[in-house]
file input-v5.cif (mmCIF, C-alpha atoms and all ligand atoms)
data_coords
loop_
_atom_site.label_atom_id
_atom_site.label_comp_id
_atom_site.auth_asym_id
_atom_site.auth_seq_id
_atom_site.Cartn_x
_atom_site.Cartn_y
_atom_site.Cartn_z
CA MET A 1 -38.27 7.27 3.81
CA THR A 2 -35.46 4.78 3.76
CA THR A 3 -32.13 6.52 4.25
CA PRO A 4 -28.83 5.26 2.80
CA LEU A 5 -27.85 4.20 6.33
CA ASP A 6 -31.12 2.25 6.77
CA TYR A 7 -30.41 0.53 3.47
CA ALA A 8 -26.89 -0.38 4.60
CA HIS A 9 -28.24 -1.89 7.84
CA GLU A 10 -30.97 -3.80 6.04
CA HIS A 11 -28.48 -5.25 3.55
CA ALA A 12 -25.62 -5.84 5.97
CA GLU A 13 -25.70 -9.62 5.62
CA GLU A 14 -25.84 -9.43 1.83
CA PHE A 15 -22.93 -6.93 1.80
CA LYS A 16 -20.93 -9.26 4.02
CA GLN A 17 -21.43 -12.22 1.73
CA GLN A 18 -20.33 -10.10 -1.22
CA LEU A 19 -17.20 -9.01 0.62
CA PHE A 20 -16.52 -12.66 1.43
CA ASP A 21 -16.60 -13.43 -2.31
CA LEU A 22 -13.97 -10.76 -2.92
CA LEU A 23 -11.87 -11.99 0.00
CA ARG A 24 -11.88 -15.51 -1.45
CA ILE A 25 -9.91 -14.33 -4.47
CA PRO A 26 -6.19 -14.72 -3.63
CA SER A 27 -5.11 -11.56 -5.45
CA VAL A 28 -1.51 -11.69 -4.28
CA SER A 29 0.34 -9.16 -6.41
CA THR A 30 3.81 -10.17 -5.22
CA ASP A 31 3.50 -13.67 -6.69
CA PRO A 32 3.41 -14.06 -10.49
CA ALA A 33 1.59 -17.39 -9.98
CA HIS A 34 -1.43 -15.33 -8.82
CA LYS A 35 -1.50 -12.98 -11.81
CA GLY A 36 -4.79 -14.53 -12.93
CA ASP A 37 -6.29 -14.06 -9.46
CA VAL A 38 -5.27 -10.40 -9.38
CA ARG A 39 -7.04 -9.98 -12.71
CA LYS A 40 -10.05 -11.85 -11.34
CA ALA A 41 -10.25 -9.44 -8.38
CA ALA A 42 -10.08 -6.47 -10.77
CA GLU A 43 -12.95 -7.96 -12.77
CA TRP A 44 -14.95 -8.58 -9.60
CA VAL A 45 -14.52 -4.97 -8.47
CA ALA A 46 -15.38 -3.59 -11.91
CA ALA A 47 -18.50 -5.77 -12.14
CA GLU A 48 -19.66 -4.69 -8.70
CA LEU A 49 -19.14 -1.00 -9.50
CA LYS A 50 -21.17 -1.46 -12.65
CA ARG A 51 -23.89 -3.38 -10.85
CA VAL A 52 -24.42 -0.69 -8.21
CA GLY A 53 -24.73 2.04 -10.83
CA ALA A 54 -21.27 3.54 -11.38
CA ASN A 55 -20.54 4.83 -14.88
CA ASN A 56 -17.53 4.62 -17.18
CA VAL A 57 -16.37 1.45 -15.46
CA GLU A 58 -13.11 0.34 -17.00
CA ILE A 59 -10.34 -2.14 -16.30
CA ILE A 60 -7.36 -0.20 -17.54
CA PRO A 61 -4.24 -2.21 -18.28
CA THR A 62 -0.82 -1.05 -17.07
CA GLU A 63 2.53 -2.72 -17.59
CA GLY A 64 1.70 -4.66 -14.43
CA HIS A 65 -1.69 -5.26 -12.84
CA PRO A 66 -4.65 -3.21 -14.06
CA VAL A 67 -6.31 -0.18 -12.50
CA VAL A 68 -10.08 -0.25 -12.12
CA TYR A 69 -11.66 3.12 -12.80
CA ALA A 70 -15.30 4.15 -12.43
CA ASP A 71 -17.22 7.31 -11.68
CA TRP A 72 -20.58 8.76 -10.79
CA LEU A 73 -20.77 12.41 -11.72
CA GLY A 74 -24.49 12.96 -11.32
CA ALA A 75 -24.13 15.65 -8.64
CA GLY A 76 -23.24 18.18 -11.33
CA ALA A 77 -20.40 20.54 -12.09
CA ASN A 78 -20.99 22.72 -9.03
CA ALA A 79 -20.71 19.87 -6.56
CA PRO A 80 -17.32 18.76 -5.28
CA THR A 81 -15.67 15.70 -6.78
CA ILE A 82 -14.08 13.08 -4.56
CA LEU A 83 -11.46 10.71 -5.89
CA ILE A 84 -11.46 7.46 -3.94
CA TYR A 85 -8.32 5.37 -3.84
CA GLY A 86 -8.10 1.75 -2.79
CA HIS A 87 -6.31 -1.44 -3.78
CA TYR A 88 -7.68 -4.88 -4.50
CA ASP A 89 -4.36 -6.75 -4.23
CA VAL A 90 -3.23 -8.36 -0.98
CA GLN A 91 -0.10 -9.55 0.78
CA PRO A 92 0.82 -13.23 0.48
CA ALA A 93 -0.50 -15.53 3.21
CA ASP A 94 1.21 -18.73 4.19
CA LYS A 95 -1.16 -20.49 6.57
CA VAL A 96 1.48 -22.38 8.55
CA ALA A 97 4.44 -19.99 8.39
CA ASP A 98 2.30 -16.94 9.19
CA GLY A 99 0.42 -18.69 11.98
CA TRP A 100 -3.10 -18.51 10.59
CA THR A 101 -5.66 -20.48 12.56
CA SER A 102 -8.05 -20.54 9.60
CA GLU A 103 -7.63 -20.51 5.83
CA PRO A 104 -6.39 -17.03 4.81
CA PHE A 105 -8.62 -16.97 1.75
CA GLU A 106 -11.70 -18.47 3.36
CA PRO A 107 -13.22 -15.69 5.47
CA VAL A 108 -14.51 -16.51 8.93
CA GLU A 109 -16.04 -14.37 11.65
CA ARG A 110 -14.33 -14.34 15.01
CA ASN A 111 -15.47 -12.12 17.88
CA GLY A 112 -17.35 -9.88 15.50
CA GLU A 113 -14.39 -9.48 13.16
CA ILE A 114 -13.93 -10.79 9.65
CA VAL A 115 -10.71 -12.76 9.49
CA ALA A 116 -9.22 -13.20 6.01
CA ARG A 117 -6.22 -11.92 4.10
CA GLY A 118 -7.10 -8.47 2.83
CA SER A 119 -10.17 -7.94 5.02
CA SER A 120 -8.58 -4.87 6.61
CA ASP A 121 -6.04 -4.12 3.89
CA ASP A 122 -7.65 -3.07 1.74
CA LYS A 123 -10.62 -4.98 0.37
CA GLY A 124 -12.89 -4.17 3.29
CA GLN A 125 -12.33 -0.43 3.06
CA MET A 126 -12.52 -0.13 -0.72
CA PHE A 127 -15.67 -2.27 -0.74
CA ILE A 128 -17.41 0.13 1.68
CA HIS A 129 -17.13 2.99 -0.80
CA ILE A 130 -18.87 0.93 -3.47
CA LYS A 131 -21.62 0.07 -1.00
CA VAL A 132 -22.05 3.75 -0.05
CA LEU A 133 -22.69 4.54 -3.70
CA GLU A 134 -25.18 1.66 -3.86
CA ALA A 135 -26.96 2.77 -0.69
CA TYR A 136 -27.37 6.35 -1.93
CA LEU A 137 -28.51 5.40 -5.42
CA LYS A 138 -30.99 2.78 -4.15
CA THR A 139 -32.59 5.13 -1.65
CA LEU A 140 -32.18 8.74 -2.76
CA GLY A 141 -31.38 8.07 -6.39
CA ASN A 142 -28.38 10.37 -6.22
CA VAL A 143 -25.29 11.32 -4.22
CA PRO A 144 -24.56 14.87 -2.99
CA VAL A 145 -21.01 14.72 -4.41
CA ASN A 146 -19.39 13.44 -7.56
CA LEU A 147 -17.39 10.27 -7.12
CA LYS A 148 -14.41 8.86 -8.96
CA PHE A 149 -12.96 5.47 -8.05
CA MET A 150 -9.39 4.44 -8.70
CA TYR A 151 -8.64 0.95 -7.45
CA GLU A 152 -5.19 -0.44 -8.17
CA GLY A 153 -3.73 -3.95 -7.99
CA GLU A 154 -0.13 -3.17 -7.14
CA GLU A 155 -0.14 -1.45 -3.76
CA GLU A 156 1.61 -4.35 -2.06
CA ILE A 157 4.49 -4.11 -4.53
CA SER A 158 4.94 -0.33 -4.09
CA SER A 159 2.62 0.70 -6.95
CA PRO A 160 5.28 0.70 -9.69
CA HIS A 161 2.81 1.62 -12.45
CA LEU A 162 0.51 3.97 -10.58
CA LYS A 163 2.57 7.13 -11.12
CA PRO A 164 2.67 6.76 -14.91
CA PHE A 165 -1.03 5.85 -14.83
CA ILE A 166 -1.89 9.04 -12.92
CA ARG A 167 0.25 11.15 -15.24
CA ALA A 168 -1.47 9.66 -18.29
CA ASN A 169 -4.96 10.11 -16.79
CA LYS A 170 -4.70 13.54 -15.15
CA ASP A 171 -7.95 14.85 -16.61
CA ARG A 172 -9.91 11.73 -15.89
CA LEU A 173 -8.75 11.74 -12.25
CA LYS A 174 -9.27 15.47 -11.65
CA ALA A 175 -10.93 15.96 -8.25
CA ASP A 176 -11.29 18.42 -5.40
CA VAL A 177 -10.20 15.97 -2.76
CA CYS A 178 -8.75 12.47 -2.64
CA VAL A 179 -9.89 9.96 -0.02
CA ILE A 180 -7.53 7.08 0.73
CA SER A 181 -9.06 4.38 2.88
CA ASP A 182 -5.94 2.37 3.39
CA GLY A 183 -4.63 3.39 6.77
CA GLY A 184 -4.69 2.03 10.30
CA ARG A 185 -7.11 2.63 13.11
CA PHE A 186 -6.08 3.27 16.67
CA GLU A 187 -9.40 2.29 18.19
CA LYS A 188 -11.85 -0.31 17.02
CA THR A 189 -14.93 1.74 17.75
CA ARG A 190 -13.72 5.15 16.66
CA PRO A 191 -12.89 5.91 13.04
CA ASN A 192 -9.94 8.18 12.47
CA ILE A 193 -8.85 10.49 9.71
CA ASP A 194 -5.15 10.39 8.87
CA TYR A 195 -3.67 13.45 7.26
CA SER A 196 -0.31 15.07 6.60
CA VAL A 197 1.38 11.69 6.45
CA ARG A 198 4.84 11.45 4.97
CA GLY A 199 6.35 9.14 2.41
CA MET A 200 8.89 6.40 2.90
CA THR A 201 12.57 6.21 2.18
CA TYR A 202 14.17 2.92 1.29
CA MET A 203 17.91 2.79 1.59
CA GLN A 204 20.52 0.13 1.22
CA LEU A 205 24.02 0.67 2.45
CA ASP A 206 26.73 -1.73 1.39
CA VAL A 207 30.19 -1.62 2.88
CA TRP A 208 32.96 -3.82 1.58
CA GLY A 209 35.93 -4.43 3.84
CA PRO A 210 37.99 -4.55 5.84
CA THR A 211 39.28 -8.01 4.99
CA ARG A 212 40.82 -8.74 8.37
CA ASP A 213 40.04 -8.11 12.03
CA LEU A 214 41.02 -4.66 13.21
CA HIS A 215 42.18 -4.15 16.78
CA SER A 216 39.94 -1.72 18.65
CA GLY A 217 43.00 -0.17 20.28
CA GLY A 218 44.29 0.91 16.91
CA PHE A 219 41.16 1.41 14.84
CA GLY A 220 38.22 1.55 17.24
CA GLY A 221 37.68 5.30 17.10
CA MET A 222 37.84 5.46 13.36
CA LEU A 223 35.60 2.50 12.84
CA SER A 224 33.07 3.11 15.57
CA ILE A 225 30.26 2.79 13.09
CA ARG A 226 28.74 -0.63 13.45
CA VAL A 227 27.35 -2.03 10.26
CA ARG A 228 25.63 -5.32 10.76
CA GLY A 229 26.33 -7.73 7.93
CA GLY A 230 23.35 -9.45 6.37
CA GLU A 231 21.09 -8.57 9.24
CA GLN A 232 18.13 -6.25 9.02
CA ALA A 233 18.85 -3.64 11.65
CA ALA A 234 15.72 -2.46 13.40
CA ILE A 235 16.34 1.23 13.05
CA ASP A 236 14.03 3.98 11.93
CA THR A 237 14.45 6.27 8.97
CA ALA A 238 16.07 9.04 10.97
CA ALA A 239 18.65 6.60 12.29
CA ARG A 240 19.32 5.28 8.80
CA VAL A 241 19.93 8.77 7.51
CA GLN A 242 22.18 9.44 10.48
CA ILE A 243 24.13 6.27 9.83
CA TRP A 244 24.46 7.07 6.17
CA LYS A 245 25.73 10.57 6.93
CA ARG A 246 28.20 9.26 9.47
CA CYS A 247 29.43 6.58 7.09
CA LYS A 248 29.80 9.08 4.30
CA ASN A 249 31.69 11.50 6.47
CA ALA A 250 33.87 8.97 8.22
CA LEU A 251 34.63 6.69 5.33
CA SER A 252 34.33 8.59 2.10
CA ARG A 253 35.81 11.84 3.33
CA SER A 254 38.41 10.82 5.87
CA PHE A 255 40.10 7.89 4.24
CA PRO A 256 40.99 9.34 0.85
CA ARG A 257 43.03 11.97 2.69
CA ASP A 258 45.15 9.29 4.18
CA ALA A 259 45.95 6.70 1.54
CA GLU A 260 48.24 4.76 3.80
CA TYR A 261 45.65 4.38 6.51
CA LYS A 262 43.03 3.43 3.97
CA ASN A 263 45.25 0.71 2.60
CA GLU A 264 45.95 -0.58 6.04
CA ILE A 265 42.33 -1.24 6.90
CA TYR A 266 41.61 -2.59 3.45
CA LEU A 267 38.46 -0.60 2.99
CA LEU A 268 37.40 -1.71 -0.42
CA ARG A 269 34.46 0.54 -1.27
CA ILE A 270 31.20 1.90 0.00
CA SER A 271 28.04 2.46 -1.95
CA HIS A 272 24.39 3.12 -1.30
CA SER A 273 21.14 3.11 -3.11
CA SER A 274 17.98 4.83 -2.10
CA ASP A 275 14.54 5.47 -3.43
CA THR A 276 12.31 8.14 -2.10
CA LEU A 277 8.55 7.86 -2.56
ZN ZN B 1 -3.08 -1.31 1.94
#

call {"tool": "encode", "arguments": {"input": "input-v5.cif", "output": "structure tokens"}}
result
Amino acid sequence: MTTPLDYAHEHAEEFKQQLFDLLRIPSVSTDPAHKGDVRKAAEWVAAELKRVGANNVEIIPTEGHPVVYADWLGAGANAPTILIYGHYDVQPADKVADGWTSEPFEPVERNGEIVARGSSDDKGQMFIHIKVLEAYLKTLGNVPVNLKFMYEGEEEISSPHLKPFIRANKDRLKADVCVISDGGRFEKTRPNIDYSVRGMTYMQLDVWGPTRDLHSGGFGGMLSIRVRGGEQAAIDTAARVQIWKRCKNALSRSFPRDAEYKNEIYLLRISHSSDTL
């Protein structure tokens, strides 16, 4: 009997050529000029899901790029349901500026690796799940679990429309477990499972003033916080939070108590913005 794994090995070359087709679509979500390509990638993914035997395949519009949904629920109500997440959009790729030695959207094989924009983030991973469904259906005619696919086209722009999409499609997306194949690997030959990861915090801190140089002998202690103007400081989240707390304490709290001092250093204002995912 041919097993799903046998099938995958036998069709490896065919799978690779199909992945190459997907990689050739420059679905760069950050660039409005590629809106049509992002759509094209969504259509490619939907067509492939349909071709391998997924049901309810739909390209669902959002206010931005669409979400591709599909499912295979043939394992029955008693079997667990897995929701698979992936994204078909990619980062931009400037061949010269980014130092590519081949065309970013023309896949090549180098030392056993597929080199193309999106091959490891995230087209390669999301494609594998489709091929797993194909391999099971072609050999065993079924899958031991129910599968739901949710492939978005806005991951590289922080998924602005995914939250409202999930809220609006709670029932459709209901699952026992969600598998996200969009992480890193620490070793090439050993797959890893990432869990308990945290979110990200974006923060911008703007400080206006002072308007003249301040002598360290007179102001150094008070203004020991170094805020680099216009430069992206390479500091981690914990450090950012620390800096923000220190700024808030030192500037917002101390100065208003001493109007004269505040005037002297010409601190104009301080503000911040943050967004927690
Ligand atoms: Zn990704």

call {"tool": "closest_residue", "arguments": {"input": "input-v5.cif", "among": "A:Ile166, A:Val179, A:Ile193, A:Val28", "to": "Glu154 (chain A)", "atoms": "all atoms listed in the file"}}
result
A:Val28

call {"tool": "residues_near_point", "arguments": {"input": "input-v5.cif", "point": "(-19.2, 3.2, -5.5)", "cutoff": "12 Å", "atoms": "all atoms listed in the file", "output": "number ranges by chain"}}
result
A: 45-57, 68-73, 82-86, 125-138, 142-143, 145-151

call {"tool": "residues_near_ligand", "arguments": {"input": "input-v5.cif", "ligand": "ligand ZN 1 (chain B)", "cutoff": "8 Å", "atoms": "only C-alpha atoms and all ligand atoms", "output": "PDB file with C-alpha atoms, keeping the file's coordinate frame"}}
result
ATOM      1  CA  GLY A  86      -8.100   1.750  -2.790  1.00  0.00           C
ATOM      2  CA  HIS A  87      -6.310  -1.440  -3.780  1.00  0.00           C
ATOM      3  CA  VAL A  90      -3.230  -8.360  -0.980  1.00  0.00           C
ATOM      4  CA  ASP A 121      -6.040  -4.120   3.890  1.00  0.00           C
ATOM      5  CA  ASP A 122      -7.650  -3.070   1.740  1.00  0.00           C
ATOM      6  CA  GLU A 155      -0.140  -1.450  -3.760  1.00  0.00           C
ATOM      7  CA  GLU A 156       1.610  -4.350  -2.060  1.00  0.00           C
ATOM      8  CA  ASP A 182      -5.940   2.370   3.390  1.00  0.00           C
ATOM      9  CA  GLY A 183      -4.630   3.390   6.770  1.00  0.00           C
TER      10      GLY A 183
END

call {"tool": "residues_around", "arguments": {"input": "input-v5.cif", "residues": "region 30-42 of chain A", "least_positions_apart": "3", "cutoff": "8 Å", "atoms": "only C-alpha atoms", "output": "list in words"}}
result
Leu22, Ile25, Pro26, Ser27, Val45, Ala46, Ile59, His65, Pro66, Val67, Val68, Tyr88, Asp89, Gln91, Pro92, Gly153, Glu156 and Ile157 of chain A

call {"tool": "closest_residue", "arguments": {"input": "input-v5.cif", "among": "A:Phe105, A:Lys123, A:Glu14, A:Tyr195", "to": "Glu152 (chain A)", "atoms": "only C-alpha atoms"}}
result
A:Lys123

call {"tool": "atom_distance", "arguments": {"input": "input-v5.cif", "atom1": "CA of Ser158 (chain A)", "atom2": "CA of Gly184 (chain A)"}}
result
17.5 Å

call {"tool": "atom_distance", "arguments": {"input": "input-v5.cif", "atom1": "CA of Asn111 (chain A)", "atom2": "CA of Asp98 (chain A)"}}
result
20.4 Å

call {"tool": "atom_distance", "arguments": {"input": "input-v5.cif", "atom1": "CA of Ser119 (chain A)", "atom2": "CA of Phe15 (chain A)"}}
result
13.2 Å

call {"tool": "closest_residue", "arguments": {"input": "input-v5.cif", "among": "A:Gly124, A:Arg190, A:Arg167, A:Leu140", "to": "Leu5 (chain A)", "atoms": "all atoms listed in the file"}}
result
A:Leu140

call {"tool": "closest_residue", "arguments": {"input": "input-v5.cif", "among": "A:Ala75, A:Ser181, A:Ser196, A:Glu63", "to": "Gly141 (chain A)", "atoms": "only C-alpha atoms"}}
result
A:Ala75

call {"tool": "closest_residue", "arguments": {"input": "input-v5.cif", "among": "A:Lys95, A:Cys178, A:His161, A:Pro107", "to": "Gln18 (chain A)", "atoms": "all atoms listed in the file"}}
result
A:Pro107

call {"tool": "closest_residue", "arguments": {"input": "input-v5.cif", "among": "A:Trp44, A:Ala12, A:Pro144, A:Pro191", "to": "Gly74 (chain A)", "atoms": "all atoms listed in the file"}}
result
A:Pro144

call {"tool": "build_atoms", "arguments": {"input": "input-v5.cif", "residues": "region 52-86 of chain A", "atoms": "N, CA and C atoms", "output": "compact mmCIF listing (two decimals), keeping the file's coordinate frame"}}
result
# COMPACT_ATOMS: atom_id res chain seq x y z
N VAL A 52 -23.79 -1.63 -9.13
CA VAL A 52 -24.42 -0.69 -8.21
C VAL A 52 -24.77 0.64 -8.88
N GLY A 53 -24.31 0.84 -10.11
CA GLY A 53 -24.73 2.04 -10.83
C GLY A 53 -23.64 3.04 -11.15
N ALA A 54 -22.37 2.64 -10.98
CA ALA A 54 -21.27 3.54 -11.38
C ALA A 54 -21.19 3.58 -12.91
N ASN A 55 -20.67 4.68 -13.42
CA ASN A 55 -20.54 4.83 -14.88
C ASN A 55 -19.07 4.74 -15.29
N ASN A 56 -18.89 4.65 -16.60
CA ASN A 56 -17.53 4.62 -17.18
C ASN A 56 -16.61 3.60 -16.49
N VAL A 57 -17.17 2.47 -16.15
CA VAL A 57 -16.37 1.45 -15.46
C VAL A 57 -15.39 0.83 -16.47
N GLU A 58 -14.12 0.82 -16.07
CA GLU A 58 -13.11 0.34 -17.00
C GLU A 58 -11.99 -0.38 -16.26
N ILE A 59 -11.55 -1.48 -16.83
CA ILE A 59 -10.34 -2.14 -16.30
C ILE A 59 -9.21 -1.69 -17.21
N ILE A 60 -8.37 -0.82 -16.68
CA ILE A 60 -7.36 -0.20 -17.54
C ILE A 60 -6.02 -0.91 -17.35
N PRO A 61 -5.50 -1.49 -18.43
CA PRO A 61 -4.24 -2.21 -18.28
C PRO A 61 -3.06 -1.27 -18.00
N THR A 62 -2.10 -1.76 -17.25
CA THR A 62 -0.82 -1.05 -17.07
C THR A 62 0.25 -2.07 -17.48
N GLU A 63 1.49 -1.73 -17.29
CA GLU A 63 2.53 -2.72 -17.59
C GLU A 63 2.54 -3.84 -16.56
N GLY A 64 1.82 -3.62 -15.46
CA GLY A 64 1.70 -4.66 -14.43
C GLY A 64 0.24 -5.04 -14.29
N HIS A 65 -0.28 -4.94 -13.07
CA HIS A 65 -1.69 -5.26 -12.84
C HIS A 65 -2.57 -4.06 -13.17
N PRO A 66 -3.81 -4.33 -13.58
CA PRO A 66 -4.65 -3.21 -14.06
C PRO A 66 -5.20 -2.31 -12.96
N VAL A 67 -5.61 -1.12 -13.37
CA VAL A 67 -6.31 -0.18 -12.50
C VAL A 67 -7.78 -0.23 -12.87
N VAL A 68 -8.64 -0.30 -11.86
CA VAL A 68 -10.08 -0.25 -12.12
C VAL A 68 -10.53 1.19 -11.89
N TYR A 69 -11.16 1.75 -12.91
CA TYR A 69 -11.66 3.12 -12.80
C TYR A 69 -13.18 3.10 -12.97
N ALA A 70 -13.85 3.98 -12.25
CA ALA A 70 -15.30 4.15 -12.43
C ALA A 70 -15.66 5.52 -11.89
N ASP A 71 -16.79 6.04 -12.28
CA ASP A 71 -17.22 7.31 -11.68
C ASP A 71 -18.73 7.42 -11.61
N TRP A 72 -19.17 8.36 -10.85
CA TRP A 72 -20.58 8.76 -10.79
C TRP A 72 -20.57 10.27 -10.62
N LEU A 73 -20.94 10.95 -11.71
CA LEU A 73 -20.77 12.41 -11.72
C LEU A 73 -22.12 13.12 -11.77
N GLY A 74 -23.12 12.43 -11.24
CA GLY A 74 -24.49 12.96 -11.32
C GLY A 74 -24.78 14.15 -10.43
N ALA A 75 -23.86 14.51 -9.54
CA ALA A 75 -24.13 15.65 -8.64
C ALA A 75 -23.96 16.98 -9.36
N GLY A 76 -23.36 16.96 -10.54
CA GLY A 76 -23.24 18.18 -11.33
C GLY A 76 -21.93 18.93 -11.14
N ALA A 77 -21.69 19.85 -12.05
CA ALA A 77 -20.40 20.54 -12.09
C ALA A 77 -20.14 21.42 -10.86
N ASN A 78 -21.19 21.84 -10.20
CA ASN A 78 -20.99 22.72 -9.03
C ASN A 78 -20.71 21.96 -7.74
N ALA A 79 -20.96 20.67 -7.76
CA ALA A 79 -20.71 19.87 -6.56
C ALA A 79 -19.25 19.41 -6.53
N PRO A 80 -18.71 19.22 -5.33
CA PRO A 80 -17.32 18.76 -5.28
C PRO A 80 -17.16 17.34 -5.80
N THR A 81 -15.96 17.04 -6.27
CA THR A 81 -15.67 15.70 -6.78
C THR A 81 -14.65 15.03 -5.88
N ILE A 82 -14.97 13.82 -5.45
CA ILE A 82 -14.08 13.08 -4.56
C ILE A 82 -13.46 11.91 -5.33
N LEU A 83 -12.16 11.84 -5.29
CA LEU A 83 -11.46 10.71 -5.89
C LEU A 83 -11.16 9.70 -4.79
N ILE A 84 -11.66 8.49 -4.96
CA ILE A 84 -11.46 7.46 -3.94
C ILE A 84 -10.38 6.49 -4.40
N TYR A 85 -9.40 6.32 -3.53
CA TYR A 85 -8.32 5.37 -3.84
C TYR A 85 -8.45 4.12 -2.96
N GLY A 86 -8.17 2.99 -3.55
CA GLY A 86 -8.10 1.75 -2.79
C GLY A 86 -7.30 0.73 -3.59
